[in-house]
Each structure stands twice: as C-alpha cells, then as structure tokens.
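Structure record follows, encoded as structure tokens.
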Amino acid sequence: MKALILVDLQNDFMPGGALAVPDGNAVIPVANRLMPHFDLVVATQDWHPANHGSFASQYADHQPGDEITLNGLPQILWPDHCIQNTTGAAFVEGLDTSRFDRVFTKGTNREIDSYSGFFDNAWRRSTELDEFLRERGILDVFVMGLATDYCVKFTALDAVKLGFQTHLISDGCRGVDLNPGDCRRAVHTMQAQGVHLLDSGDVA
Ligand code: VGL
Ligand code: ZN
C-alpha cells in the first residue's frame with residue numbers, strides 16, 4: 001500500500017505569500033495529477049499560533065533569517081506565516097483537497113517548531129501520522145511539496161527512520177534556498193539516508 005504525503009501546500013508558501021517559496025505554485029498541478037494514483041493521501045498543514053516562537057516578530061532584536069536558540073534547539077526565524085485560521089494557512093485554491101484522507105497539522109506549540117509531518121523538531125510529540133499510515137498497511141510513502149530544504153526534508157528523513165520505503169517526487173518539490181545550495185544539499189542528505197528519488201512521471 002502506498003501513501004502520498006503532500007507537505008504544506010498552503011497560500012503563505014506560494015509566490016506573494018508571507019514565506020513565499022520561489023515557483024511554489026508549480027507543484028499544485030503535480031499534486032492534483034498524482035492523488036488518484038495512491039491508496040491513501042495525507043496532507044500536512046503548518047498551523048502556528050500568532051505568537052509562535054519561530055516568528056522573528058516575537059523578538060525586538062531579530063529579523064527573519066536570524067538563527068536563535070529556542071528552548072535548547074537551533075531555530076531559524078521566519079516571517080509570520082501560516083497563522084491558524086487565516087487565509088495564509090489555508091490550502092491553495094485549486095488543490096483538490098477532496099482527495100485528502102486526512103490532514104495533519106503541525107507547529108501548533110509556540111515553544112517548538114515542527115518541520116516534519118511526523119514529529120516536532122525535538123522528536124518529543126508525534127502527530128500520529130506514523131500510526132495512521134501503519135494502521136492502514138502503508139509500506140511506501142511518496143513525499144512532495146514545500147519546502148524541499150525544510151518540511152519536505154524532515155518529513156522524508158523521519159519516514160525513513162520510521163521504516164517506510166520513502167520516495168521523493170523531485171518535480172513535486174520546491175525550496176527556500178535561504179543559502180544558495182540548500183535544496184541541493186537537502187536532496188543529497190535525503191538520498192544518503194535512503195530516500196529514493198523519482199519524477200512524478202514515473203508514478204503516473
Ligand atoms: C516551512 C519554514 C517554516 C516549510 C514551515 O513548510 O518548509 N518552512 N515553516
Ligand atoms: Zn512554519
């Protein structure tokens with residue numbers, strides 16, 4: 001059984017959004033085309049309280065892009081994004097959300113960020129995505145979405161650690177590249193840890 005994991009296909013990550021991922025909108029048609037080919041489709045949704053600790057606006061002396069320590073963990077500071085119940089946090093219009101079997105929200109605790117769809121950044125709290133997939137007999141997960149160098153990367157790496165055969169749909173991902181080369185390095189790291197790369201055309 002195969003699951004498609006759609007990572008953070010939300011307005012704030014689209015061009016013009018609060019944390020725009022260059023060309024992020026290009027992956028929406030890929031998601032729509034792929035969904036009918038999977039046994040299960042799950043989506044992650046970045047879902048922050050307005051005072052989230054990853055927001056640069058929470059600190060008088062910091063800007064987006066700065067790195068701080070948040071409760072003992074390194075944390076990059078971001079513009080305010082994906083605030084719960086705002087348009088920015090909503091799934092992109094045109095994305096066929098009727099095909100989602102379930103949505104997993106993350107980043108809801110202001111004290112810790114959550115890039116992976118499975119766990120927070122300290123691996124303390126699970127979203128229960130792992131159990132959800134296992135209970136349904138999923139052995140293979142296919143990951144795509146935004147952003148390659150953050151939420152896609154950590155979702156795929158956790159999937160490998162949890163024992164899923166993990167596939168990255170390359171043309172279904174776009175990244176932030178805060179430092180040039182971040183996306184390329186993220187893909188290398190994923191491959192080195194056992195993630196298989198493929199194109200959406202190889203799936204369907
Ligand atoms: C993401 C930075 C902050 C992502 C979410 O979806 O990759 N990146 N929050
Ligand atoms: Zn976030």
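The chains in the structure tokens are called A, B, ... from first to last as shown; in each chain the residues are counted from 1, and the ligands are counted from 1 in the order shown.
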Q. Counting only C-alpha atoms, what is within 12 Å of A:Ile68, bar same-chain residues fewer than 4 positions away, as a VMD selection string?
A. chain A and resid 53 to 56 58 to 59 61 to 64 72 to 78
Q: Could you please extract the residues within 6 Å of ligand 1, counting only C-alpha atoms and all ligand atoms, and hand them back as JSON, numbers by chain?
A: {"A": [8, 115, 146, 147, 150, 151]}
Just-selected residues, all heavy atoms written as a PDB file, in the first residue's frame:
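Written output follows (again-v8.pdb):
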ATOM      1  N   ASP A   8       2.598  20.850   3.190  1.00  0.00           N
ATOM      2  CA  ASP A   8       2.426  22.295   3.329  1.00  0.00           C
ATOM      3  C   ASP A   8       2.079  23.044   2.031  1.00  0.00           C
ATOM      4  O   ASP A   8       2.714  24.059   1.712  1.00  0.00           O
ATOM      5  CB  ASP A   8       3.681  22.903   3.981  1.00  0.00           C
ATOM      6  CG  ASP A   8       3.924  22.396   5.388  1.00  0.00           C
ATOM      7  OD1 ASP A   8       3.136  21.545   5.858  1.00  0.00           O
ATOM      8  OD2 ASP A   8       4.897  22.832   6.024  1.00  0.00           O
ATOM      9  N   TYR A 115       9.066  20.883  11.647  1.00  0.00           N
ATOM     10  CA  TYR A 115       9.233  20.832  10.195  1.00  0.00           C
ATOM     11  C   TYR A 115       8.673  19.529   9.635  1.00  0.00           C
ATOM     12  O   TYR A 115       8.089  19.495   8.566  1.00  0.00           O
ATOM     13  CB  TYR A 115      10.714  20.973   9.818  1.00  0.00           C
ATOM     14  CG  TYR A 115      11.309  22.341  10.083  1.00  0.00           C
ATOM     15  CD1 TYR A 115      12.660  22.484  10.412  1.00  0.00           C
ATOM     16  CD2 TYR A 115      10.541  23.492   9.978  1.00  0.00           C
ATOM     17  CE1 TYR A 115      13.217  23.734  10.634  1.00  0.00           C
ATOM     18  CE2 TYR A 115      11.091  24.743  10.205  1.00  0.00           C
ATOM     19  CZ  TYR A 115      12.436  24.862  10.530  1.00  0.00           C
ATOM     20  OH  TYR A 115      12.988  26.099  10.749  1.00  0.00           O
ATOM     21  N   LEU A 146       6.319  21.500  -0.157  1.00  0.00           N
ATOM     22  CA  LEU A 146       7.141  22.660   0.170  1.00  0.00           C
ATOM     23  C   LEU A 146       7.529  22.597   1.649  1.00  0.00           C
ATOM     24  O   LEU A 146       6.705  22.145   2.457  1.00  0.00           O
ATOM     25  CB  LEU A 146       6.336  23.937  -0.079  1.00  0.00           C
ATOM     26  CG  LEU A 146       5.690  24.033  -1.493  1.00  0.00           C
ATOM     27  CD1 LEU A 146       4.740  25.223  -1.543  1.00  0.00           C
ATOM     28  CD2 LEU A 146       6.743  24.114  -2.587  1.00  0.00           C
ATOM     29  N   ALA A 147       8.662  23.009   2.031  1.00  0.00           N
ATOM     30  CA  ALA A 147       9.759  23.409   1.171  1.00  0.00           C
ATOM     31  C   ALA A 147      10.808  22.299   1.188  1.00  0.00           C
ATOM     32  O   ALA A 147      11.042  21.693   2.237  1.00  0.00           O
ATOM     33  CB  ALA A 147      10.375  24.711   1.706  1.00  0.00           C
ATOM     34  N   TYR A 150      13.256  22.278   4.110  1.00  0.00           N
ATOM     35  CA  TYR A 150      12.765  22.278   5.488  1.00  0.00           C
ATOM     36  C   TYR A 150      11.739  21.161   5.698  1.00  0.00           C
ATOM     37  O   TYR A 150      12.088  20.042   6.070  1.00  0.00           O
ATOM     38  CB  TYR A 150      12.215  23.668   5.892  1.00  0.00           C
ATOM     39  CG  TYR A 150      13.337  24.663   5.908  1.00  0.00           C
ATOM     40  CD1 TYR A 150      13.603  25.485   4.800  1.00  0.00           C
ATOM     41  CD2 TYR A 150      14.216  24.720   6.985  1.00  0.00           C
ATOM     42  CE1 TYR A 150      14.698  26.343   4.777  1.00  0.00           C
ATOM     43  CE2 TYR A 150      15.310  25.569   6.978  1.00  0.00           C
ATOM     44  CZ  TYR A 150      15.541  26.371   5.874  1.00  0.00           C
ATOM     45  OH  TYR A 150      16.626  27.205   5.862  1.00  0.00           O
ATOM     46  N   CYS A 151      10.492  21.460   5.461  1.00  0.00           N
ATOM     47  CA  CYS A 151       9.468  20.493   5.861  1.00  0.00           C
ATOM     48  C   CYS A 151       9.474  19.224   5.026  1.00  0.00           C
ATOM     49  O   CYS A 151       9.222  18.136   5.558  1.00  0.00           O
ATOM     50  CB  CYS A 151       8.109  21.181   5.883  1.00  0.00           C
ATOM     51  SG  CYS A 151       8.054  22.422   7.204  1.00  0.00           S
TER      52      CYS A 151
END
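Looking only at stretch 41-152 of chain A, the set that DSSP places in helix (DSSP H, G or I) from backbone geometry is Ala56, Ser57, Gln58, Thr87, Gly88, Ala89, Thr97, Ser98, Arg99, Leu129, Asp130, Glu131, Phe132, Leu133, Arg134, Glu135, Thr148, Asp149, Tyr150, Cys151 and Val152 of chain A.
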Q. Could you list, as an MDAnalysis selection string, all the residues within 7 Å of ligand 2, counting only C-alpha atoms and all ligand atoms?
A. chainID A and resid 46 48 81:82 107 113
Q: Would you list the contacts of stretch 33-38 of chain A as a ChimeraX atom specification, taking every protein, DNA or RNA residue within 12 Å and counting only C-alpha atoms, but skipping same-chain residues closer than 6 positions in sequence?
A: /A:1-6,27,94-101,138,140-144,169,171-172,199-204
Written file, previous selection with C-alpha atoms, as a JSON list (two decimals), in the first residue's frame:
[["chain", "number", "residue", "atom", "x", "y", "z"],
["A", 1, "MET", "CA", 0.00, 0.00, 0.00],
["A", 2, "LYS", "CA", 1.27, 3.42, -1.00],
["A", 3, "ALA", "CA", 0.60, 6.81, 0.53],
["A", 4, "LEU", "CA", 1.18, 10.25, -0.91],
["A", 5, "ILE", "CA", 2.26, 12.84, 1.65],
["A", 6, "LEU", "CA", 1.61, 16.40, 0.49],
["A", 27, "VAL", "CA", 3.75, 21.78, -7.65],
["A", 94, "GLY", "CA", -7.21, 24.76, -6.96],
["A", 95, "LEU", "CA", -5.64, 22.00, -4.89],
["A", 96, "ASP", "CA", -8.11, 19.11, -4.86],
["A", 97, "THR", "CA", -8.44, 18.76, -1.09],
["A", 98, "SER", "CA", -11.48, 16.49, -1.55],
["A", 99, "ARG", "CA", -8.94, 13.73, -2.22],
["A", 100, "PHE", "CA", -7.29, 14.13, 1.21],
["A", 101, "ASP", "CA", -7.92, 11.22, 3.56],
["A", 138, "ILE", "CA", 1.18, 1.59, 4.20],
["A", 140, "ASP", "CA", 5.71, 3.01, 0.83],
["A", 141, "VAL", "CA", 5.41, 6.76, 1.23],
["A", 142, "PHE", "CA", 5.87, 9.29, -1.56],
["A", 143, "VAL", "CA", 6.69, 12.79, -0.36],
["A", 144, "MET", "CA", 6.28, 16.06, -2.25],
["A", 169, "ILE", "CA", 8.94, 13.19, -6.03],
["A", 171, "ASP", "CA", 9.44, 17.72, -9.62],
["A", 172, "GLY", "CA", 6.77, 17.98, -6.92],
["A", 199, "ASP", "CA", 9.80, 12.08, -11.02],
["A", 200, "SER", "CA", 6.02, 12.35, -10.97],
["A", 201, "GLY", "CA", 6.01, 10.86, -14.46],
["A", 202, "ASP", "CA", 7.43, 7.63, -13.03],
["A", 203, "VAL", "CA", 4.47, 7.35, -10.66],
["A", 204, "ALA", "CA", 1.69, 8.15, -13.12]]
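Distance annotation: of A:Leu168, A:Leu133, A:Leu157, A:Val187, the residue with the minimal separation from A:Asp39 is A:Leu133; atom set is only C-alpha atoms.
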Q) Do you know which residues are at most 8 Å from stretch 11-13 of chain A counting only C-alpha atoms, after dropping those on the same chain fewer than 4 positions away, and could you put them as a PyMOL selection string? A) chain A and resi 17-21+24+81-82+87-92+146
Q: Write out as a ChimeraX atom specification the residues lying within 12 Å of A:Lys153, counting only C-alpha atoms and excluding same-chain residues fewer than 6 positions away.
A: /A:7,114-118,143-147,159-160,166-170,173-176,182-191,193,195
Q: Within stretch 52-120 of chain A, find each residue whose DSSP state, derived from the backbone, is strand (DSSP E or B), and express the selection as a PyMOL selection string.
A: chain A and resi 55+67-70+73-76+78+83+91+102-106+119
Using N, CA and C atoms, can you write the selected residues to a file as a PDB file, in the first residue's frame?
ATOM      1  N   PHE A  55       8.684  32.947  14.885  1.00  0.00           N
ATOM      2  CA  PHE A  55       8.413  34.203  14.180  1.00  0.00           C
ATOM      3  C   PHE A  55       9.379  35.288  14.660  1.00  0.00           C
ATOM      4  N   GLU A  67      19.302  33.187  13.264  1.00  0.00           N
ATOM      5  CA  GLU A  67      19.181  31.916  13.966  1.00  0.00           C
ATOM      6  C   GLU A  67      19.311  32.160  15.460  1.00  0.00           C
ATOM      7  N   ILE A  68      18.387  31.610  16.209  1.00  0.00           N
ATOM      8  CA  ILE A  68      18.420  31.729  17.673  1.00  0.00           C
ATOM      9  C   ILE A  68      18.386  30.324  18.273  1.00  0.00           C
ATOM     10  N   THR A  69      18.399  30.279  19.608  1.00  0.00           N
ATOM     11  CA  THR A  69      18.151  29.019  20.292  1.00  0.00           C
ATOM     12  C   THR A  69      16.777  29.125  20.925  1.00  0.00           C
ATOM     13  N   LEU A  70      15.898  28.213  20.563  1.00  0.00           N
ATOM     14  CA  LEU A  70      14.530  28.212  21.097  1.00  0.00           C
ATOM     15  C   LEU A  70      14.373  26.963  21.949  1.00  0.00           C
ATOM     16  N   LEU A  73      16.963  24.359  21.192  1.00  0.00           N
ATOM     17  CA  LEU A  73      17.151  23.896  19.808  1.00  0.00           C
ATOM     18  C   LEU A  73      17.479  25.073  18.899  1.00  0.00           C
ATOM     19  N   PRO A  74      18.376  24.849  17.921  1.00  0.00           N
ATOM     20  CA  PRO A  74      18.615  25.911  16.948  1.00  0.00           C
ATOM     21  C   PRO A  74      17.331  26.202  16.176  1.00  0.00           C
ATOM     22  N   GLN A  75      17.048  27.468  15.973  1.00  0.00           N
ATOM     23  CA  GLN A  75      15.796  27.842  15.307  1.00  0.00           C
ATOM     24  C   GLN A  75      16.056  28.994  14.348  1.00  0.00           C
ATOM     25  N   ILE A  76      15.723  28.801  13.088  1.00  0.00           N
ATOM     26  CA  ILE A  76      15.755  29.906  12.131  1.00  0.00           C
ATOM     27  C   ILE A  76      14.474  30.705  12.330  1.00  0.00           C
ATOM     28  N   TRP A  78      11.492  33.140  11.063  1.00  0.00           N
ATOM     29  CA  TRP A  78      10.741  33.307   9.818  1.00  0.00           C
ATOM     30  C   TRP A  78       9.818  34.513   9.930  1.00  0.00           C
ATOM     31  N   ILE A  83      -0.597  31.299  10.097  1.00  0.00           N
ATOM     32  CA  ILE A  83      -1.275  31.500  11.384  1.00  0.00           C
ATOM     33  C   ILE A  83      -2.653  30.837  11.307  1.00  0.00           C
ATOM     34  N   PHE A  91      -5.176  25.807   2.525  1.00  0.00           N
ATOM     35  CA  PHE A  91      -4.644  25.126   1.344  1.00  0.00           C
ATOM     36  C   PHE A  91      -4.928  25.978   0.115  1.00  0.00           C
ATOM     37  N   ARG A 102      -6.736  12.572   5.149  1.00  0.00           N
ATOM     38  CA  ARG A 102      -6.595  13.227   6.449  1.00  0.00           C
ATOM     39  C   ARG A 102      -5.551  14.337   6.383  1.00  0.00           C
ATOM     40  N   VAL A 103      -5.731  15.344   7.231  1.00  0.00           N
ATOM     41  CA  VAL A 103      -4.780  16.453   7.339  1.00  0.00           C
ATOM     42  C   VAL A 103      -4.110  16.373   8.706  1.00  0.00           C
ATOM     43  N   PHE A 104      -2.803  16.546   8.731  1.00  0.00           N
ATOM     44  CA  PHE A 104      -2.047  16.576   9.989  1.00  0.00           C
ATOM     45  C   PHE A 104      -1.474  17.970  10.169  1.00  0.00           C
ATOM     46  N   THR A 105      -1.917  18.663  11.210  1.00  0.00           N
ATOM     47  CA  THR A 105      -1.389  19.995  11.485  1.00  0.00           C
ATOM     48  C   THR A 105      -0.123  19.869  12.325  1.00  0.00           C
ATOM     49  N   LYS A 106       0.713  20.888  12.233  1.00  0.00           N
ATOM     50  CA  LYS A 106       1.983  20.879  12.968  1.00  0.00           C
ATOM     51  C   LYS A 106       2.406  22.310  13.262  1.00  0.00           C
ATOM     52  N   PHE A 119       6.858  14.426  13.609  1.00  0.00           N
ATOM     53  CA  PHE A 119       7.239  14.813  14.973  1.00  0.00           C
ATOM     54  C   PHE A 119       7.626  16.288  15.007  1.00  0.00           C
TER      55      PHE A 119
END
